[in-house]
$ cat target29.cif   # mmCIF, N, CA and C atoms
data_run
loop_
_atom_site.label_atom_id
_atom_site.label_comp_id
_atom_site.auth_asym_id
_atom_site.auth_seq_id
_atom_site.Cartn_x
_atom_site.Cartn_y
_atom_site.Cartn_z
N MET M 930 11.39 171.94 227.28
CA MET M 930 11.11 170.65 227.86
C MET M 930 10.53 169.76 226.78
N SER M 931 10.85 168.50 226.83
CA SER M 931 10.34 167.60 225.82
C SER M 931 10.20 166.20 226.39
N VAL M 932 9.47 165.43 225.65
CA VAL M 932 9.37 164.02 225.96
C VAL M 932 10.33 163.32 225.02
N TRP M 933 10.65 162.06 225.23
CA TRP M 933 11.63 161.29 224.47
C TRP M 933 11.75 161.73 223.03
N PRO M 934 12.84 161.49 222.36
CA PRO M 934 14.05 160.89 222.88
C PRO M 934 15.10 161.91 223.29
N HIS M 935 14.90 163.20 223.03
CA HIS M 935 15.95 164.17 223.31
C HIS M 935 15.40 165.28 224.20
N ALA M 936 16.22 165.74 225.12
CA ALA M 936 15.86 166.89 225.94
C ALA M 936 16.27 168.13 225.17
N SER M 937 15.51 169.19 225.33
CA SER M 937 15.90 170.43 224.67
C SER M 937 15.53 171.60 225.56
N SER M 938 16.21 172.68 225.35
CA SER M 938 16.01 173.88 226.12
C SER M 938 16.27 175.05 225.19
N PRO M 939 15.69 176.23 225.45
CA PRO M 939 15.98 177.37 224.59
C PRO M 939 17.42 177.86 224.74
N HIS M 940 18.11 177.39 225.76
CA HIS M 940 19.49 177.80 226.01
C HIS M 940 20.44 176.66 225.68
N PRO M 941 21.67 176.96 225.31
CA PRO M 941 22.62 175.87 225.06
C PRO M 941 22.85 175.09 226.36
N PRO M 942 23.17 173.81 226.24
CA PRO M 942 23.36 173.00 227.45
C PRO M 942 24.49 173.54 228.31
N ALA M 943 24.23 173.62 229.61
CA ALA M 943 25.23 174.16 230.53
C ALA M 943 26.01 173.05 231.21
N LEU M 944 25.44 171.89 231.31
CA LEU M 944 26.07 170.77 231.99
C LEU M 944 26.22 169.63 230.98
N VAL M 945 27.43 169.51 230.43
CA VAL M 945 27.67 168.52 229.39
C VAL M 945 28.87 167.68 229.77
N GLY M 946 28.74 166.38 229.58
CA GLY M 946 29.85 165.46 229.83
C GLY M 946 30.08 164.60 228.60
N SER M 947 30.86 163.57 228.75
CA SER M 947 31.18 162.69 227.62
C SER M 947 29.95 161.95 227.10
N GLU M 948 28.88 161.87 227.90
CA GLU M 948 27.65 161.19 227.48
C GLU M 948 26.54 162.17 227.15
N GLY M 949 26.92 163.42 226.86
CA GLY M 949 25.92 164.41 226.46
C GLY M 949 25.51 165.30 227.61
N GLU M 950 24.40 165.98 227.39
CA GLU M 950 23.87 166.92 228.38
C GLU M 950 23.34 166.20 229.61
N LEU M 951 23.59 166.77 230.78
CA LEU M 951 22.99 166.26 232.00
C LEU M 951 21.57 166.80 232.06
N VAL M 952 20.61 165.91 232.16
CA VAL M 952 19.20 166.29 232.15
C VAL M 952 18.51 165.80 233.41
N SER M 953 17.33 166.31 233.63
CA SER M 953 16.50 165.87 234.74
C SER M 953 15.37 165.01 234.17
N VAL M 954 15.27 163.78 234.65
CA VAL M 954 14.23 162.86 234.21
C VAL M 954 13.18 162.80 235.31
N SER M 955 11.92 162.99 234.94
CA SER M 955 10.81 162.92 235.88
C SER M 955 9.85 161.83 235.44
N VAL M 956 9.45 160.99 236.39
CA VAL M 956 8.51 159.91 236.09
C VAL M 956 7.34 160.05 237.06
N ALA M 957 6.15 160.20 236.51
CA ALA M 957 4.93 160.31 237.32
C ALA M 957 4.24 158.96 237.38
N VAL M 958 4.00 158.48 238.60
CA VAL M 958 3.35 157.17 238.79
C VAL M 958 2.29 157.27 239.87
N GLU M 959 1.39 156.32 239.83
CA GLU M 959 0.43 156.17 240.92
C GLU M 959 1.22 155.74 242.15
N PRO M 960 0.83 156.17 243.34
CA PRO M 960 1.58 155.79 244.54
C PRO M 960 1.79 154.28 244.68
N ARG M 961 0.82 153.49 244.29
CA ARG M 961 0.95 152.02 244.41
C ARG M 961 1.97 151.45 243.44
N GLU M 962 2.40 152.24 242.41
CA GLU M 962 3.39 151.79 241.43
C GLU M 962 4.81 152.21 241.79
N LEU M 963 4.99 152.95 242.89
CA LEU M 963 6.31 153.48 243.23
C LEU M 963 7.35 152.37 243.42
N GLU M 964 7.00 151.34 244.15
CA GLU M 964 7.96 150.26 244.39
C GLU M 964 8.38 149.60 243.07
N ASP M 965 7.42 149.38 242.17
CA ASP M 965 7.74 148.78 240.87
C ASP M 965 8.65 149.70 240.05
N LEU M 966 8.41 151.01 240.12
CA LEU M 966 9.27 151.95 239.40
C LEU M 966 10.70 151.90 239.95
N LEU M 967 10.83 151.92 241.25
CA LEU M 967 12.17 151.88 241.85
C LEU M 967 12.89 150.57 241.50
N GLU M 968 12.16 149.47 241.44
CA GLU M 968 12.76 148.18 241.02
C GLU M 968 13.22 148.27 239.56
N ALA M 969 12.41 148.89 238.70
CA ALA M 969 12.79 149.03 237.29
C ALA M 969 14.05 149.88 237.17
N LEU M 970 14.12 150.98 237.91
CA LEU M 970 15.30 151.85 237.85
C LEU M 970 16.54 151.13 238.37
N ALA M 971 16.36 150.24 239.33
CA ALA M 971 17.49 149.48 239.87
C ALA M 971 18.06 148.51 238.83
N ALA M 972 17.28 148.18 237.80
CA ALA M 972 17.75 147.27 236.76
C ALA M 972 18.69 147.95 235.77
N LEU M 973 18.78 149.26 235.82
CA LEU M 973 19.69 149.97 234.91
C LEU M 973 21.13 149.70 235.30
N ASP M 974 22.03 149.76 234.33
CA ASP M 974 23.43 149.45 234.59
C ASP M 974 24.25 150.68 234.96
N PHE M 975 23.60 151.72 235.44
CA PHE M 975 24.27 152.91 235.95
C PHE M 975 23.48 153.38 237.16
N PRO M 976 24.13 154.12 238.05
CA PRO M 976 23.44 154.51 239.30
C PRO M 976 22.35 155.55 239.07
N ILE M 977 21.30 155.41 239.83
CA ILE M 977 20.18 156.36 239.82
C ILE M 977 20.05 156.89 241.24
N ASN M 978 19.96 158.20 241.37
CA ASN M 978 19.78 158.83 242.67
C ASN M 978 18.44 159.57 242.65
N PRO M 979 17.34 158.86 242.92
CA PRO M 979 16.02 159.48 242.76
C PRO M 979 15.63 160.38 243.94
N GLU M 980 14.89 161.39 243.59
CA GLU M 980 14.23 162.22 244.60
C GLU M 980 12.74 161.97 244.41
N ILE M 981 12.03 161.71 245.50
CA ILE M 981 10.63 161.31 245.43
C ILE M 981 9.75 162.40 246.03
N TYR M 982 8.73 162.79 245.26
CA TYR M 982 7.75 163.78 245.71
C TYR M 982 6.41 163.05 245.83
N HIS M 983 6.00 162.79 247.07
CA HIS M 983 4.76 162.03 247.29
C HIS M 983 3.51 162.88 247.10
N ASP M 984 3.62 164.19 247.20
CA ASP M 984 2.43 165.05 247.08
C ASP M 984 2.39 165.80 245.76
N ALA M 985 2.89 165.19 244.69
CA ALA M 985 2.93 165.82 243.38
C ALA M 985 1.59 165.66 242.66
N ALA M 986 1.45 166.39 241.57
CA ALA M 986 0.24 166.29 240.76
C ALA M 986 0.55 166.72 239.34
N ILE M 987 -0.28 166.25 238.43
CA ILE M 987 -0.23 166.72 237.05
C ILE M 987 -1.54 167.46 236.81
N VAL M 988 -1.43 168.69 236.31
CA VAL M 988 -2.60 169.49 235.98
C VAL M 988 -2.72 169.49 234.46
N TYR M 989 -3.81 168.94 233.96
CA TYR M 989 -4.09 168.94 232.52
C TYR M 989 -4.92 170.18 232.22
N VAL M 990 -4.46 171.01 231.30
CA VAL M 990 -5.13 172.25 230.97
C VAL M 990 -5.70 172.15 229.56
N ALA M 991 -7.00 172.31 229.44
CA ALA M 991 -7.68 172.24 228.14
C ALA M 991 -7.49 173.55 227.38
N SER M 992 -7.78 173.54 226.11
CA SER M 992 -7.62 174.75 225.29
C SER M 992 -8.53 175.89 225.76
N ASP M 993 -9.63 175.57 226.44
CA ASP M 993 -10.51 176.62 226.97
C ASP M 993 -10.10 177.09 228.37
N GLY M 994 -8.99 176.55 228.88
CA GLY M 994 -8.49 176.94 230.20
C GLY M 994 -8.96 176.06 231.34
N ALA M 995 -9.90 175.16 231.08
CA ALA M 995 -10.38 174.25 232.12
C ALA M 995 -9.22 173.36 232.59
N GLN M 996 -9.18 173.09 233.89
CA GLN M 996 -8.08 172.31 234.46
C GLN M 996 -8.60 171.07 235.17
N ARG M 997 -7.81 170.01 235.06
CA ARG M 997 -8.09 168.75 235.75
C ARG M 997 -6.81 168.34 236.46
N LEU M 998 -6.88 168.21 237.78
CA LEU M 998 -5.71 167.86 238.58
C LEU M 998 -5.74 166.38 238.94
N GLU M 999 -4.62 165.70 238.70
CA GLU M 999 -4.51 164.29 239.06
C GLU M 999 -3.31 164.11 239.98
N PRO M 1000 -3.52 163.67 241.21
CA PRO M 1000 -2.40 163.46 242.13
C PRO M 1000 -1.55 162.27 241.67
N PHE M 1001 -0.25 162.42 241.83
CA PHE M 1001 0.72 161.39 241.46
C PHE M 1001 1.88 161.44 242.42
N THR M 1002 2.69 160.41 242.37
CA THR M 1002 4.00 160.44 243.00
C THR M 1002 4.98 160.73 241.88
N LEU M 1003 5.87 161.68 242.09
CA LEU M 1003 6.84 162.08 241.07
C LEU M 1003 8.23 161.66 241.52
N VAL M 1004 8.93 160.95 240.65
CA VAL M 1004 10.29 160.51 240.92
C VAL M 1004 11.20 161.22 239.93
N GLU M 1005 12.20 161.94 240.44
CA GLU M 1005 13.13 162.67 239.59
C GLU M 1005 14.55 162.20 239.84
N PHE M 1006 15.34 162.20 238.77
CA PHE M 1006 16.74 161.85 238.90
C PHE M 1006 17.51 162.43 237.72
N PRO M 1007 18.80 162.70 237.94
CA PRO M 1007 19.63 163.19 236.84
C PRO M 1007 20.12 162.02 235.99
N ALA M 1008 20.31 162.29 234.71
CA ALA M 1008 20.88 161.30 233.80
C ALA M 1008 21.49 162.04 232.62
N TYR M 1009 22.43 161.40 231.97
CA TYR M 1009 23.00 161.97 230.76
C TYR M 1009 22.11 161.64 229.57
N ALA M 1010 22.04 162.55 228.62
CA ALA M 1010 21.14 162.42 227.47
C ALA M 1010 21.35 161.12 226.71
N GLU M 1011 22.59 160.66 226.58
CA GLU M 1011 22.84 159.42 225.85
C GLU M 1011 22.23 158.20 226.54
N ARG M 1012 21.88 158.32 227.82
CA ARG M 1012 21.29 157.20 228.55
C ARG M 1012 19.77 157.16 228.46
N LEU M 1013 19.16 158.19 227.89
CA LEU M 1013 17.69 158.26 227.82
C LEU M 1013 17.07 157.07 227.08
N PRO M 1014 17.62 156.66 225.95
CA PRO M 1014 17.00 155.50 225.28
C PRO M 1014 16.99 154.24 226.16
N LYS M 1015 18.06 154.01 226.89
CA LYS M 1015 18.14 152.83 227.77
C LYS M 1015 17.10 152.95 228.90
N ILE M 1016 16.97 154.14 229.47
CA ILE M 1016 15.97 154.36 230.52
C ILE M 1016 14.58 154.09 229.97
N ARG M 1017 14.32 154.60 228.77
CA ARG M 1017 13.00 154.42 228.16
C ARG M 1017 12.69 152.95 227.93
N VAL M 1018 13.65 152.21 227.40
CA VAL M 1018 13.45 150.78 227.14
C VAL M 1018 13.15 150.03 228.43
N VAL M 1019 13.92 150.30 229.48
CA VAL M 1019 13.71 149.61 230.75
C VAL M 1019 12.33 149.93 231.32
N LEU M 1020 11.94 151.21 231.29
CA LEU M 1020 10.64 151.58 231.84
C LEU M 1020 9.50 151.00 231.03
N GLU M 1021 9.60 151.04 229.70
CA GLU M 1021 8.54 150.48 228.87
C GLU M 1021 8.46 148.96 229.03
N THR M 1022 9.60 148.30 229.16
CA THR M 1022 9.62 146.85 229.37
C THR M 1022 8.93 146.49 230.68
N CYS M 1023 9.05 147.37 231.66
CA CYS M 1023 8.43 147.12 232.98
C CYS M 1023 6.99 147.63 233.04
N GLY M 1024 6.45 148.09 231.91
CA GLY M 1024 5.04 148.45 231.85
C GLY M 1024 4.70 149.91 232.11
N PHE M 1025 5.69 150.78 232.14
CA PHE M 1025 5.41 152.20 232.37
C PHE M 1025 5.21 152.90 231.04
N ALA M 1026 4.15 153.70 230.94
CA ALA M 1026 3.80 154.40 229.70
C ALA M 1026 4.80 155.51 229.40
N GLY M 1027 5.04 155.73 228.13
CA GLY M 1027 5.96 156.78 227.70
C GLY M 1027 5.55 158.16 228.17
N ASN M 1028 4.23 158.42 228.29
CA ASN M 1028 3.80 159.75 228.73
C ASN M 1028 3.96 159.97 230.22
N ALA M 1029 4.42 158.95 230.95
CA ALA M 1029 4.70 159.11 232.37
C ALA M 1029 6.04 159.78 232.60
N VAL M 1030 6.84 159.89 231.54
CA VAL M 1030 8.20 160.38 231.64
C VAL M 1030 8.34 161.75 230.97
N SER M 1031 9.03 162.65 231.66
CA SER M 1031 9.35 163.97 231.12
C SER M 1031 10.84 164.20 231.28
N VAL M 1032 11.42 164.94 230.36
CA VAL M 1032 12.84 165.24 230.41
C VAL M 1032 13.01 166.74 230.24
N SER M 1033 13.86 167.34 231.07
CA SER M 1033 14.16 168.77 230.94
C SER M 1033 15.65 168.98 231.17
N ALA M 1034 16.15 170.10 230.69
CA ALA M 1034 17.53 170.45 230.96
C ALA M 1034 17.70 170.54 232.47
N MET M 1035 18.83 170.09 232.97
CA MET M 1035 19.04 170.03 234.42
C MET M 1035 18.85 171.38 235.08
N LEU M 1036 19.43 172.42 234.53
CA LEU M 1036 19.29 173.74 235.15
C LEU M 1036 17.86 174.25 235.11
N ASP M 1037 17.11 173.91 234.06
CA ASP M 1037 15.70 174.28 234.01
C ASP M 1037 14.94 173.59 235.14
N GLY M 1038 15.24 172.32 235.36
CA GLY M 1038 14.58 171.56 236.42
C GLY M 1038 14.90 172.08 237.80
N ILE M 1039 16.12 172.57 237.98
CA ILE M 1039 16.53 173.11 239.29
C ILE M 1039 15.86 174.45 239.56
N HIS M 1040 15.79 175.30 238.54
CA HIS M 1040 15.30 176.66 238.75
C HIS M 1040 13.79 176.81 238.60
N ALA M 1041 13.15 175.90 237.92
CA ALA M 1041 11.71 176.03 237.69
C ALA M 1041 10.93 175.40 238.84
N GLY M 1042 9.79 175.98 239.15
CA GLY M 1042 8.91 175.37 240.14
C GLY M 1042 8.08 174.30 239.45
N ASP M 1043 7.10 174.72 238.69
CA ASP M 1043 6.27 173.81 237.92
C ASP M 1043 6.89 173.62 236.54
N MET M 1044 6.74 172.43 235.99
CA MET M 1044 7.22 172.15 234.64
C MET M 1044 6.01 172.10 233.71
N VAL M 1045 6.05 172.87 232.64
CA VAL M 1045 4.95 172.93 231.69
C VAL M 1045 5.37 172.19 230.42
N GLU M 1046 4.51 171.29 229.96
CA GLU M 1046 4.76 170.52 228.74
C GLU M 1046 3.61 170.71 227.77
N PRO M 1047 3.92 170.91 226.49
CA PRO M 1047 2.84 170.94 225.49
C PRO M 1047 2.25 169.54 225.33
N ALA M 1048 1.02 169.48 224.90
CA ALA M 1048 0.36 168.19 224.69
C ALA M 1048 0.90 167.54 223.43
N PRO M 1049 0.97 166.22 223.43
CA PRO M 1049 1.35 165.52 222.19
C PRO M 1049 0.20 165.60 221.19
N PRO M 1050 0.47 165.37 219.91
CA PRO M 1050 -0.60 165.40 218.90
C PRO M 1050 -1.73 164.44 219.27
N GLY M 1051 -2.97 164.91 219.14
CA GLY M 1051 -4.13 164.08 219.41
C GLY M 1051 -4.58 164.02 220.85
N ALA M 1052 -3.86 164.69 221.75
CA ALA M 1052 -4.24 164.68 223.17
C ALA M 1052 -5.50 165.51 223.37
N ASN M 1053 -6.23 165.20 224.44
CA ASN M 1053 -7.46 165.95 224.73
C ASN M 1053 -7.20 167.11 225.69
N TYR M 1054 -5.98 167.61 225.71
CA TYR M 1054 -5.62 168.78 226.51
C TYR M 1054 -4.58 169.61 225.74
N ALA M 1055 -4.44 170.88 226.11
CA ALA M 1055 -3.52 171.78 225.42
C ALA M 1055 -2.09 171.66 225.95
N HIS M 1056 -1.97 171.55 227.25
CA HIS M 1056 -0.67 171.34 227.90
C HIS M 1056 -0.89 170.77 229.28
N ARG M 1057 0.19 170.33 229.89
CA ARG M 1057 0.08 169.81 231.26
C ARG M 1057 1.18 170.44 232.10
N ILE M 1058 0.90 170.53 233.39
CA ILE M 1058 1.81 171.13 234.35
C ILE M 1058 2.15 170.07 235.38
N LEU M 1059 3.44 169.81 235.57
CA LEU M 1059 3.88 168.88 236.60
C LEU M 1059 4.24 169.69 237.83
N ARG M 1060 3.55 169.42 238.92
CA ARG M 1060 3.80 170.12 240.18
C ARG M 1060 4.42 169.15 241.17
N LYS M 1061 5.57 169.53 241.71
CA LYS M 1061 6.24 168.68 242.68
C LYS M 1061 5.53 168.70 244.02
N HIS M 1062 4.92 169.83 244.34
CA HIS M 1062 4.27 169.99 245.64
C HIS M 1062 2.85 170.53 245.42
N ALA M 1063 1.94 169.66 245.08
CA ALA M 1063 0.57 170.09 244.77
C ALA M 1063 -0.13 170.65 245.98
N THR M 1064 0.13 170.11 247.16
CA THR M 1064 -0.52 170.58 248.39
C THR M 1064 -0.13 172.03 248.67
N ALA M 1065 1.14 172.35 248.57
CA ALA M 1065 1.62 173.71 248.81
C ALA M 1065 1.07 174.66 247.76
N ALA M 1066 1.02 174.22 246.48
CA ALA M 1066 0.51 175.07 245.41
C ALA M 1066 -0.96 175.37 245.63
N ALA M 1067 -1.73 174.37 246.07
CA ALA M 1067 -3.16 174.56 246.30
C ALA M 1067 -3.39 175.52 247.46
N ALA M 1068 -2.48 175.55 248.42
CA ALA M 1068 -2.62 176.42 249.58
C ALA M 1068 -2.06 177.82 249.30
N GLY M 1069 -1.52 178.03 248.10
CA GLY M 1069 -0.96 179.34 247.74
C GLY M 1069 0.48 179.52 248.19
N LYS M 1070 1.14 178.45 248.60
CA LYS M 1070 2.54 178.52 249.03
C LYS M 1070 3.43 178.10 247.87
N HIS M 1071 4.68 178.53 247.92
CA HIS M 1071 5.63 178.13 246.86
C HIS M 1071 6.89 177.65 247.47
#
$ encode --input "target29.cif" --output "C-alpha cells"
Amino acid sequence: MSVWPHASSPHPPALVGSEGELVSVSVAVEPRELEDLLEALAALDFPINPEIYHDAAIVYVASDGAQRLEPFTLVEFPAYAERLPKIRVVLETCGFAGNAVSVSAMLDGIHAGDMVEPAPPGANYAHRILRKHATAAAAGKH
C-alpha cells in the first residue's frame, strides 16, 4: 500500500487495463466534509462509483505501541493508476490534504479488512490503520 503517486503491492498487478492497474482509492474525511468531497469527485472527467463508510476510523500507532483512534468517514472507489495524478490535483485544488488519500491494489483492498500504512518521514507515529468499520472492530466483530 502506498500514498501518491503510484500504488504498489508485493504481488504483480492482477487487474490491468489500458490505463494501468485498477486500484482502490480511499479518502478519509471528517463527516461534515463528505458533501464537499463528493462534489470534488463529481468534477472529475470520468465516472466515480464511491462506497461510503460512515463508521470508519484511522488508528495512529506510535513506535511504543500506543494507539490513538480518530473517527472519520471513509470514501472508497476504484480507479486506474494513470488517473491518480488527476484525482490528486482535483482533491488538492478542493482543499483536501494529500494524507487523506490512500491507494492500494484493488485485490488487496477487497481481501483485506484493515489497511495498514507506514508513516511518512517526520510523522509522529509509526504507522496508521484504516478501519472501514470501527464500531464492529471495537466490539470484537469482523
$ resolve_selection --input "target29.cif" --expression "the PyMOL selection byres ((chain M and resi 1047) around 7)" --output "ChimeraX atom specification"
/M:930,1045-1046,1048-1049,1054-1057
$ atom_distance --input "target29.cif" --atom1 "CA of Ala969 (chain M)" --atom2 "atom N of Val1018 (chain M)"
10.4 Å
$ closest_residue --input "target29.cif" --among "M:Leu951, M:Leu1059, M:Leu1003, M:Leu1013" --to "Leu973 (chain M)" --atoms "only C-alpha atoms"
M:Leu1013
$ resolve_selection --input "target29.cif" --expression "the PyMOL selection byres (((chain M and resi 995 and name CA) around 12) and name CA)" --output "CSV table (one decimal) with N, CA and C atoms, in the frame of the given file"
chain,number,residue,atom,x,y,z
M,988,VAL,N,-1.4,168.7,236.3
M,988,VAL,CA,-2.6,169.5,236.0
M,988,VAL,C,-2.7,169.5,234.5
M,989,TYR,N,-3.8,168.9,234.0
M,989,TYR,CA,-4.1,168.9,232.5
M,989,TYR,C,-4.9,170.2,232.2
M,990,VAL,N,-4.5,171.0,231.3
M,990,VAL,CA,-5.1,172.2,231.0
M,990,VAL,C,-5.7,172.2,229.6
M,991,ALA,N,-7.0,172.3,229.4
M,991,ALA,CA,-7.7,172.2,228.1
M,991,ALA,C,-7.5,173.6,227.4
M,992,SER,N,-7.8,173.5,226.1
M,992,SER,CA,-7.6,174.8,225.3
M,992,SER,C,-8.5,175.9,225.8
M,993,ASP,N,-9.6,175.6,226.4
M,993,ASP,CA,-10.5,176.6,227.0
M,993,ASP,C,-10.1,177.1,228.4
M,994,GLY,N,-9.0,176.6,228.9
M,994,GLY,CA,-8.5,176.9,230.2
M,994,GLY,C,-9.0,176.1,231.3
M,996,GLN,N,-9.2,173.1,233.9
M,996,GLN,CA,-8.1,172.3,234.5
M,996,GLN,C,-8.6,171.1,235.2
M,997,ARG,N,-7.8,170.0,235.1
M,997,ARG,CA,-8.1,168.8,235.8
M,997,ARG,C,-6.8,168.3,236.5
M,998,LEU,N,-6.9,168.2,237.8
M,998,LEU,CA,-5.7,167.9,238.6
M,998,LEU,C,-5.7,166.4,238.9
M,1053,ASN,N,-6.2,165.2,224.4
M,1053,ASN,CA,-7.5,166.0,224.7
M,1053,ASN,C,-7.2,167.1,225.7
M,1054,TYR,N,-6.0,167.6,225.7
M,1054,TYR,CA,-5.6,168.8,226.5
M,1054,TYR,C,-4.6,169.6,225.7
M,1055,ALA,N,-4.4,170.9,226.1
M,1055,ALA,CA,-3.5,171.8,225.4
M,1055,ALA,C,-2.1,171.7,226.0
M,1056,HIS,N,-2.0,171.6,227.2
M,1056,HIS,CA,-0.7,171.3,227.9
M,1056,HIS,C,-0.9,170.8,229.3
M,1057,ARG,N,0.2,170.3,229.9
M,1057,ARG,CA,0.1,169.8,231.3
M,1057,ARG,C,1.2,170.4,232.1
$ resolve_selection --input "target29.cif" --expression "the PyMOL selection byres ((chain M and resi 1033) around 5)" --output "list in words"
Met930, Val952, Ser953, Ser1031, Val1032, Ala1034 and Met1035 of chain M
$ write_last_selection --input "target29.cif" --atoms "N, CA and C atoms" --output "short mmCIF file (atom, residue, chain, number, x, y, z; two decimals), keeping the file's coordinate frame"
data_model
loop_
_atom_site.label_atom_id
_atom_site.label_comp_id
_atom_site.auth_asym_id
_atom_site.auth_seq_id
_atom_site.Cartn_x
_atom_site.Cartn_y
_atom_site.Cartn_z
N MET M 930 11.39 171.94 227.28
CA MET M 930 11.11 170.65 227.86
C MET M 930 10.53 169.76 226.78
N VAL M 952 20.61 165.91 232.16
CA VAL M 952 19.20 166.29 232.15
C VAL M 952 18.51 165.80 233.41
N SER M 953 17.33 166.31 233.63
CA SER M 953 16.50 165.87 234.74
C SER M 953 15.37 165.01 234.17
N SER M 1031 9.03 162.65 231.66
CA SER M 1031 9.35 163.97 231.12
C SER M 1031 10.84 164.20 231.28
N VAL M 1032 11.42 164.94 230.36
CA VAL M 1032 12.84 165.24 230.41
C VAL M 1032 13.01 166.74 230.24
N ALA M 1034 16.15 170.10 230.69
CA ALA M 1034 17.53 170.45 230.96
C ALA M 1034 17.70 170.54 232.47
N MET M 1035 18.83 170.09 232.97
CA MET M 1035 19.04 170.03 234.42
C MET M 1035 18.85 171.38 235.08
#
$ select_by_dssp --input "target29.cif" --residues "region 964-1020 of chain M" --states "alpha helix (DSSP H)" --output "ChimeraX atom specification"
/M:964-971,1013-1020
$ closest_residue --input "target29.cif" --among "M:Leu1036, M:Ala957, M:Ala985, M:Val1019" --to "Ala972 (chain M)" --atoms "only N, CA and C atoms"
M:Val1019
$ closest_residue --input "target29.cif" --among "M:Pro979, M:Gly949, M:Pro960, M:Gly1051" --to "Phe1006 (chain M)" --atoms "only N, CA and C atoms"
M:Pro979
$ atom_distance --input "target29.cif" --atom1 "atom C of Glu1005 (chain M)" --atom2 "atom N of Arg1060 (chain M)"
13.2 Å
$ atom_distance --input "target29.cif" --atom1 "CA of Val1004 (chain M)" --atom2 "atom C of Glu950 (chain M)"
18.2 Å
$ closest_residue --input "target29.cif" --among "M:Arg961, M:Ser947, M:His983, M:Gly1024" --to "Glu1011 (chain M)" --atoms "all atoms listed in the file"
M:Ser947
$ closest_residue --input "target29.cif" --among "M:Val958, M:Ala1026, M:Leu963, M:Ile987" --to "Ala1063 (chain M)" --atoms "only C-alpha atoms"
M:Ile987
$ decode --input "target29.cif" --residues "region 946-964 of chain M" --atoms "N, CA and C atoms" --output "mmCIF file, in the first residue's frame"
data_model
loop_
_atom_site.group_PDB
_atom_site.id
_atom_site.type_symbol
_atom_site.label_atom_id
_atom_site.label_comp_id
_atom_site.auth_asym_id
_atom_site.auth_seq_id
_atom_site.Cartn_x
_atom_site.Cartn_y
_atom_site.Cartn_z
ATOM 1 N N GLY M 946 -5.611 -2.647 -17.134
ATOM 2 C CA GLY M 946 -6.270 -2.244 -18.373
ATOM 3 C C GLY M 946 -5.371 -1.306 -19.141
ATOM 4 N N SER M 947 -5.907 -0.662 -20.138
ATOM 5 C CA SER M 947 -5.120 0.241 -20.974
ATOM 6 C C SER M 947 -4.618 1.461 -20.197
ATOM 7 N N GLU M 948 -5.228 1.757 -19.036
ATOM 8 C CA GLU M 948 -4.807 2.895 -18.212
ATOM 9 C C GLU M 948 -4.053 2.450 -16.966
ATOM 10 N N GLY M 949 -3.507 1.233 -17.006
ATOM 11 C CA GLY M 949 -2.707 0.752 -15.884
ATOM 12 C C GLY M 949 -3.498 -0.142 -14.955
ATOM 13 N N GLU M 950 -2.935 -0.328 -13.780
ATOM 14 C CA GLU M 950 -3.538 -1.197 -12.769
ATOM 15 C C GLU M 950 -4.813 -0.580 -12.201
ATOM 16 N N LEU M 951 -5.811 -1.422 -11.972
ATOM 17 C CA LEU M 951 -7.015 -0.979 -11.282
ATOM 18 C C LEU M 951 -6.701 -0.982 -9.791
ATOM 19 N N VAL M 952 -6.872 0.157 -9.159
ATOM 20 C CA VAL M 952 -6.532 0.305 -7.743
ATOM 21 C C VAL M 952 -7.747 0.758 -6.955
ATOM 22 N N SER M 953 -7.637 0.662 -5.662
ATOM 23 C CA SER M 953 -8.673 1.143 -4.757
ATOM 24 C C SER M 953 -8.172 2.436 -4.123
ATOM 25 N N VAL M 954 -8.936 3.501 -4.285
ATOM 26 C CA VAL M 954 -8.593 4.799 -3.716
ATOM 27 C C VAL M 954 -9.483 5.017 -2.502
ATOM 28 N N SER M 955 -8.880 5.358 -1.374
ATOM 29 C CA SER M 955 -9.615 5.625 -0.140
ATOM 30 C C SER M 955 -9.328 7.055 0.303
ATOM 31 N N VAL M 956 -10.385 7.774 0.645
ATOM 32 C CA VAL M 956 -10.236 9.155 1.112
ATOM 33 C C VAL M 956 -10.928 9.258 2.467
ATOM 34 N N ALA M 957 -10.170 9.649 3.479
ATOM 35 C CA ALA M 957 -10.712 9.815 4.829
ATOM 36 C C ALA M 957 -11.014 11.286 5.067
ATOM 37 N N VAL M 958 -12.267 11.579 5.442
ATOM 38 C CA VAL M 958 -12.681 12.962 5.684
ATOM 39 C C VAL M 958 -13.514 13.043 6.951
ATOM 40 N N GLU M 959 -13.578 14.240 7.485
ATOM 41 C CA GLU M 959 -14.498 14.498 8.588
ATOM 42 C C GLU M 959 -15.915 14.372 8.025
ATOM 43 N N PRO M 960 -16.868 13.891 8.804
ATOM 44 C CA PRO M 960 -18.235 13.743 8.286
ATOM 45 C C PRO M 960 -18.796 15.019 7.663
ATOM 46 N N ARG M 961 -18.473 16.169 8.226
ATOM 47 C CA ARG M 961 -19.001 17.436 7.688
ATOM 48 C C ARG M 961 -18.387 17.785 6.333
ATOM 49 N N GLU M 962 -17.274 17.111 5.932
ATOM 50 C CA GLU M 962 -16.619 17.362 4.646
ATOM 51 C C GLU M 962 -17.079 16.408 3.549
ATOM 52 N N LEU M 963 -17.960 15.459 3.874
ATOM 53 C CA LEU M 963 -18.363 14.441 2.908
ATOM 54 C C LEU M 963 -19.001 15.047 1.660
ATOM 55 N N GLU M 964 -19.908 15.978 1.836
ATOM 56 C CA GLU M 964 -20.574 16.576 0.683
ATOM 57 C C GLU M 964 -19.566 17.286 -0.221
#
